[in-house]
$ cat query-v5.pdb   # PDB, C-alpha atoms
ATOM      1  CA  MET A   1      66.759  -4.677   8.584  1.00  0.00           C
ATOM      2  CA  THR A   2      70.340  -5.988   8.830  1.00  0.00           C
ATOM      3  CA  GLN A   3      70.389  -5.274  12.564  1.00  0.00           C
ATOM      4  CA  THR A   4      67.111  -7.170  13.013  1.00  0.00           C
ATOM      5  CA  ILE A   5      68.483 -10.173  11.129  1.00  0.00           C
ATOM      6  CA  LEU A   6      71.794 -10.277  12.985  1.00  0.00           C
ATOM      7  CA  LEU A   7      70.279  -9.801  16.441  1.00  0.00           C
ATOM      8  CA  SER A   8      67.501 -12.329  15.765  1.00  0.00           C
ATOM      9  CA  PHE A   9      70.048 -14.865  14.534  1.00  0.00           C
ATOM     10  CA  ALA A  10      72.148 -14.340  17.674  1.00  0.00           C
ATOM     11  CA  ALA A  11      69.033 -14.619  19.864  1.00  0.00           C
ATOM     12  CA  GLY A  12      68.220 -17.954  18.211  1.00  0.00           C
ATOM     13  CA  VAL A  13      71.759 -19.220  18.738  1.00  0.00           C
ATOM     14  CA  PHE A  14      71.807 -18.249  22.412  1.00  0.00           C
ATOM     15  CA  ALA A  15      68.314 -19.624  23.101  1.00  0.00           C
ATOM     16  CA  ALA A  16      69.151 -22.952  21.466  1.00  0.00           C
ATOM     17  CA  ASN A  17      72.481 -23.194  23.283  1.00  0.00           C
ATOM     18  CA  ALA A  18      70.818 -22.343  26.587  1.00  0.00           C
ATOM     19  CA  THR A  19      68.525 -25.351  26.405  1.00  0.00           C
ATOM     20  CA  PRO A  20      71.004 -28.236  26.932  1.00  0.00           C
ATOM     21  CA  HIS A  21      72.861 -26.309  29.628  1.00  0.00           C
ATOM     22  CA  PHE A  22      69.691 -25.420  31.516  1.00  0.00           C
ATOM     23  CA  VAL A  23      68.282 -28.947  31.217  1.00  0.00           C
ATOM     24  CA  LYS A  24      71.529 -30.554  32.387  1.00  0.00           C
ATOM     25  CA  GLY A  25      71.615 -28.110  35.284  1.00  0.00           C
ATOM     26  CA  ILE A  26      68.092 -28.805  36.525  1.00  0.00           C
ATOM     27  CA  THR A  27      68.611 -32.561  36.166  1.00  0.00           C
ATOM     28  CA  LYS A  28      71.897 -32.397  38.137  1.00  0.00           C
ATOM     29  CA  GLU A  29      74.021 -33.748  35.293  1.00  0.00           C
ATOM     30  CA  GLU A  30      77.509 -32.752  34.157  1.00  0.00           C
ATOM     31  CA  PHE A  31      77.867 -30.919  30.832  1.00  0.00           C
ATOM     32  CA  PRO A  32      80.893 -28.921  29.662  1.00  0.00           C
ATOM     33  CA  THR A  33      80.909 -25.126  29.699  1.00  0.00           C
ATOM     34  CA  LEU A  34      83.731 -22.631  29.570  1.00  0.00           C
ATOM     35  CA  PHE A  35      83.472 -22.313  33.358  1.00  0.00           C
ATOM     36  CA  GLY A  36      83.292 -25.991  34.317  1.00  0.00           C
ATOM     37  CA  SER A  37      80.812 -28.798  33.939  1.00  0.00           C
ATOM     38  CA  GLY A  38      78.881 -28.931  37.194  1.00  0.00           C
ATOM     39  CA  PRO A  39      75.088 -28.765  37.362  1.00  0.00           C
ATOM     40  CA  LEU A  40      74.922 -25.363  39.091  1.00  0.00           C
ATOM     41  CA  ILE A  41      77.275 -23.811  36.547  1.00  0.00           C
ATOM     42  CA  ASN A  42      75.137 -25.217  33.738  1.00  0.00           C
ATOM     43  CA  LEU A  43      71.915 -23.989  35.312  1.00  0.00           C
ATOM     44  CA  VAL A  44      73.271 -20.453  35.663  1.00  0.00           C
ATOM     45  CA  ALA A  45      74.849 -20.514  32.185  1.00  0.00           C
ATOM     46  CA  GLY A  46      71.602 -21.705  30.603  1.00  0.00           C
ATOM     47  CA  TRP A  47      69.569 -19.113  32.473  1.00  0.00           C
ATOM     48  CA  ALA A  48      71.988 -16.335  31.486  1.00  0.00           C
ATOM     49  CA  MET A  49      71.833 -17.376  27.830  1.00  0.00           C
ATOM     50  CA  TYR A  50      68.010 -17.341  27.928  1.00  0.00           C
ATOM     51  CA  VAL A  51      68.110 -13.832  29.400  1.00  0.00           C
ATOM     52  CA  LEU A  52      70.650 -12.724  26.784  1.00  0.00           C
ATOM     53  CA  ALA A  53      68.503 -14.214  24.008  1.00  0.00           C
ATOM     54  CA  ALA A  54      65.499 -12.259  25.286  1.00  0.00           C
ATOM     55  CA  VAL A  55      67.486  -9.014  25.451  1.00  0.00           C
ATOM     56  CA  LEU A  56      68.780  -9.561  21.910  1.00  0.00           C
ATOM     57  CA  ALA A  57      65.247 -10.251  20.675  1.00  0.00           C
ATOM     58  CA  ILE A  58      64.013  -7.023  22.261  1.00  0.00           C
ATOM     59  CA  MET A  59      66.904  -5.084  20.714  1.00  0.00           C
ATOM     60  CA  ALA A  60      66.202  -6.675  17.304  1.00  0.00           C
ATOM     61  CA  ASP A  61      62.969  -4.685  16.852  1.00  0.00           C
ATOM     62  CA  ILE A  62      61.203  -7.783  15.586  1.00  0.00           C
ATOM     63  CA  GLY A  63      57.978  -5.860  14.949  1.00  0.00           C
ATOM     64  CA  ALA A  64      59.635  -3.836  12.179  1.00  0.00           C
ATOM     65  CA  HIS A  65      60.616  -6.926  10.155  1.00  0.00           C
ATOM     66  CA  PRO A  66      58.769  -9.935  11.604  1.00  0.00           C
ATOM     67  CA  VAL A  67      59.351 -12.370   8.733  1.00  0.00           C
ATOM     68  CA  ALA A  68      63.078 -11.634   8.484  1.00  0.00           C
ATOM     69  CA  ALA A  69      63.419 -11.853  12.283  1.00  0.00           C
ATOM     70  CA  LEU A  70      61.596 -15.184  12.438  1.00  0.00           C
ATOM     71  CA  ALA A  71      63.670 -16.628   9.608  1.00  0.00           C
ATOM     72  CA  ALA A  72      66.962 -15.428  11.103  1.00  0.00           C
ATOM     73  CA  GLY A  73      66.034 -16.698  14.563  1.00  0.00           C
ATOM     74  CA  ALA A  74      65.051 -20.069  13.140  1.00  0.00           C
ATOM     75  CA  VAL A  75      68.349 -20.341  11.262  1.00  0.00           C
ATOM     76  CA  GLY A  76      70.205 -19.473  14.481  1.00  0.00           C
ATOM     77  CA  VAL A  77      68.374 -22.226  16.376  1.00  0.00           C
ATOM     78  CA  LEU A  78      69.083 -24.684  13.561  1.00  0.00           C
ATOM     79  CA  ALA A  79      72.775 -23.746  13.456  1.00  0.00           C
ATOM     80  CA  MET A  80      73.218 -24.369  17.181  1.00  0.00           C
ATOM     81  CA  GLY A  81      71.171 -27.548  16.977  1.00  0.00           C
ATOM     82  CA  VAL A  82      73.403 -28.871  14.203  1.00  0.00           C
ATOM     83  CA  PHE A  83      76.464 -27.993  16.278  1.00  0.00           C
ATOM     84  CA  HIS A  84      75.186 -29.910  19.309  1.00  0.00           C
ATOM     85  CA  ALA A  85      74.001 -32.859  17.200  1.00  0.00           C
ATOM     86  CA  TYR A  86      77.103 -33.120  15.015  1.00  0.00           C
ATOM     87  CA  ILE A  87      80.113 -31.823  16.972  1.00  0.00           C
ATOM     88  CA  GLY A  88      78.717 -31.477  20.476  1.00  0.00           C
ATOM     89  CA  ALA A  89      80.009 -29.703  23.527  1.00  0.00           C
ATOM     90  CA  ASP A  90      81.761 -32.847  24.800  1.00  0.00           C
ATOM     91  CA  THR A  91      83.842 -33.207  21.630  1.00  0.00           C
ATOM     92  CA  LEU A  92      84.708 -29.512  21.600  1.00  0.00           C
ATOM     93  CA  ALA A  93      85.748 -29.603  25.274  1.00  0.00           C
ATOM     94  CA  THR A  94      87.978 -32.616  24.626  1.00  0.00           C
ATOM     95  CA  ARG A  95      89.607 -30.889  21.655  1.00  0.00           C
ATOM     96  CA  LEU A  96      90.237 -27.743  23.680  1.00  0.00           C
ATOM     97  CA  LYS A  97      91.789 -29.691  26.549  1.00  0.00           C
ATOM     98  CA  THR A  98      94.031 -31.576  24.111  1.00  0.00           C
ATOM     99  CA  ALA A  99      95.118 -28.352  22.434  1.00  0.00           C
ATOM    100  CA  GLN A 100      95.867 -26.720  25.792  1.00  0.00           C
ATOM    101  CA  GLY A 101      97.912 -29.723  26.844  1.00  0.00           C
ATOM    102  CA  ARG A 102     100.109 -29.422  23.763  1.00  0.00           C
ATOM    103  CA  THR A 103     100.848 -25.728  24.243  1.00  0.00           C
ATOM    104  CA  THR A 104     101.774 -25.881  27.929  1.00  0.00           C
TER     105      THR A 104
END
$ encode --input "query-v5.pdb" --output "structure tokens"
Amino acid sequence: MTQTILLSFAAGVFAANATPHFVKGITKEEFPTLFGSGPLINLVAGWAMYVLAAVLAIMADIGAHPVAALAAGAVGVLAMGVFHAYIGADTLATRLKTAQGRTT
């Protein structure tokens, strides 16, 4: 059951994180990623995270523990939603750039 919970949580995190990247990509808007902030990069990153979320959900064996998997996935989505609503990718990218500037 632990594997189901962990994989479902990770699937929720990746699916929730995929959404803003995919949406920004298909609307041709900039949004920070580890690989840049252009629309095409965001589209591909969002798509890849959706695919990864699906693979994790398949590996989670949700059918064996459906309630635990649903709860863990929902908590993962909530956790990523809180991150984007509270900290946000823009703030994190700015902090990383500032930190890199100080070390070089």
$ residues_around --input "query-v5.pdb" --residues "Leu56 in chain A" --least-positions-apart "2" --cutoff "8 Å" --atoms "only C-alpha atoms" --output "ChimeraX atom specification"
/A:7-8,10-11,52-54,58-60
$ residues_around --input "query-v5.pdb" --residues "range 73-90 of chain A" --least-positions-apart "2" --cutoff "9 Å" --atoms "only C-alpha atoms" --output "MDAnalysis selection string"
chainID A and resid 5:17 20 31:33 57 68:71 92:95
$ closest_residue --input "query-v5.pdb" --among "A:Ala64, A:Lys28, A:Met49, A:Ala99" --to "Met1 in chain A" --atoms "all atoms listed in the file"
A:Ala64
$ closest_residue --input "query-v5.pdb" --among "A:Phe22, A:His65, A:Ile41, A:Thr27" --to "Gln3 in chain A" --atoms "all atoms listed in the file"
A:His65
$ closest_residue --input "query-v5.pdb" --among "A:Asp61, A:Thr91, A:Tyr50, A:His21" --to "Ser37 in chain A" --atoms "all atoms listed in the file"
A:His21
$ atom_distance --input "query-v5.pdb" --atom1 "CA of Ala18 in chain A" --atom2 "CA of Gly101 in chain A"
28.1 Å
$ atom_distance --input "query-v5.pdb" --atom1 "CA of Gly38 in chain A" --atom2 "CA of Gln100 in chain A"
20.6 Å
$ atom_distance --input "query-v5.pdb" --atom1 "CA of Val23 in chain A" --atom2 "CA of Ala48 in chain A"
13.1 Å
$ build_atoms --input "query-v5.pdb" --residues "range 28-39 of chain A" --atoms "all heavy atoms" --output "short mmCIF file (atom, residue, chain, number, x, y, z; two decimals), in the frame of the given file"
data_model
loop_
_atom_site.label_atom_id
_atom_site.label_comp_id
_atom_site.auth_asym_id
_atom_site.auth_seq_id
_atom_site.Cartn_x
_atom_site.Cartn_y
_atom_site.Cartn_z
N LYS A 28 70.69 -32.11 37.36
CA LYS A 28 71.90 -32.40 38.14
C LYS A 28 72.88 -33.30 37.38
O LYS A 28 73.45 -34.22 37.94
CB LYS A 28 71.54 -33.01 39.49
CG LYS A 28 70.75 -32.10 40.37
CD LYS A 28 70.49 -32.73 41.72
CE LYS A 28 69.70 -31.77 42.58
NZ LYS A 28 69.39 -32.35 43.88
N GLU A 29 73.08 -32.99 36.10
CA GLU A 29 74.02 -33.75 35.29
C GLU A 29 75.19 -32.85 34.88
O GLU A 29 75.05 -31.64 34.76
CB GLU A 29 73.33 -34.30 34.04
CG GLU A 29 72.25 -35.32 34.35
CD GLU A 29 71.60 -35.87 33.10
OE1 GLU A 29 72.28 -35.96 32.07
OE2 GLU A 29 70.41 -36.19 33.16
N GLU A 30 76.32 -33.47 34.63
CA GLU A 30 77.51 -32.75 34.16
C GLU A 30 77.36 -32.45 32.67
O GLU A 30 76.79 -33.26 31.92
CB GLU A 30 78.76 -33.62 34.37
CG GLU A 30 79.02 -34.00 35.80
CD GLU A 30 79.98 -33.05 36.49
OE1 GLU A 30 80.90 -32.55 35.83
OE2 GLU A 30 79.80 -32.83 37.70
N PHE A 31 77.86 -31.31 32.24
CA PHE A 31 77.87 -30.92 30.83
C PHE A 31 78.91 -29.81 30.69
O PHE A 31 78.91 -28.88 31.49
CB PHE A 31 76.48 -30.43 30.41
CG PHE A 31 76.28 -30.30 28.93
CD1 PHE A 31 76.22 -31.42 28.12
CD2 PHE A 31 76.15 -29.05 28.35
CE1 PHE A 31 76.02 -31.30 26.75
CE2 PHE A 31 75.94 -28.92 26.99
CZ PHE A 31 75.88 -30.05 26.18
N PRO A 32 79.80 -29.89 29.72
CA PRO A 32 80.89 -28.92 29.66
C PRO A 32 80.45 -27.50 29.30
O PRO A 32 79.61 -27.30 28.44
CB PRO A 32 81.81 -29.50 28.57
CG PRO A 32 80.95 -30.38 27.75
CD PRO A 32 79.89 -30.90 28.67
N THR A 33 81.02 -26.55 30.03
CA THR A 33 80.91 -25.13 29.70
C THR A 33 82.31 -24.54 29.78
O THR A 33 83.25 -25.22 30.18
CB THR A 33 80.01 -24.35 30.69
OG1 THR A 33 80.68 -24.25 31.94
CG2 THR A 33 78.65 -25.01 30.88
N LEU A 34 82.43 -23.29 29.45
CA LEU A 34 83.73 -22.63 29.57
C LEU A 34 84.16 -22.49 31.03
O LEU A 34 85.33 -22.32 31.32
CB LEU A 34 83.67 -21.24 28.94
CG LEU A 34 83.48 -21.21 27.42
CD1 LEU A 34 83.30 -19.78 26.95
CD2 LEU A 34 84.65 -21.86 26.72
N PHE A 35 83.20 -22.57 31.95
CA PHE A 35 83.47 -22.31 33.36
C PHE A 35 83.47 -23.58 34.21
O PHE A 35 83.55 -23.50 35.42
CB PHE A 35 82.45 -21.32 33.91
CG PHE A 35 82.35 -20.08 33.09
CD1 PHE A 35 81.25 -19.85 32.28
CD2 PHE A 35 83.37 -19.14 33.08
CE1 PHE A 35 81.15 -18.71 31.50
CE2 PHE A 35 83.30 -18.00 32.31
CZ PHE A 35 82.18 -17.78 31.51
N GLY A 36 83.35 -24.72 33.60
CA GLY A 36 83.29 -25.99 34.32
C GLY A 36 82.12 -26.81 33.81
O GLY A 36 81.45 -26.43 32.86
N SER A 37 81.86 -27.93 34.45
CA SER A 37 80.81 -28.80 33.94
C SER A 37 79.78 -29.20 34.99
O SER A 37 78.96 -30.06 34.74
CB SER A 37 81.43 -30.05 33.32
OG SER A 37 82.19 -30.74 34.29
N GLY A 38 79.81 -28.58 36.13
CA GLY A 38 78.88 -28.93 37.19
C GLY A 38 77.46 -28.48 36.90
O GLY A 38 77.22 -27.59 36.09
N PRO A 39 76.49 -29.10 37.58
CA PRO A 39 75.09 -28.76 37.36
C PRO A 39 74.74 -27.30 37.66
O PRO A 39 74.01 -26.68 36.88
CB PRO A 39 74.34 -29.70 38.32
CG PRO A 39 75.27 -30.81 38.59
CD PRO A 39 76.65 -30.24 38.49
#
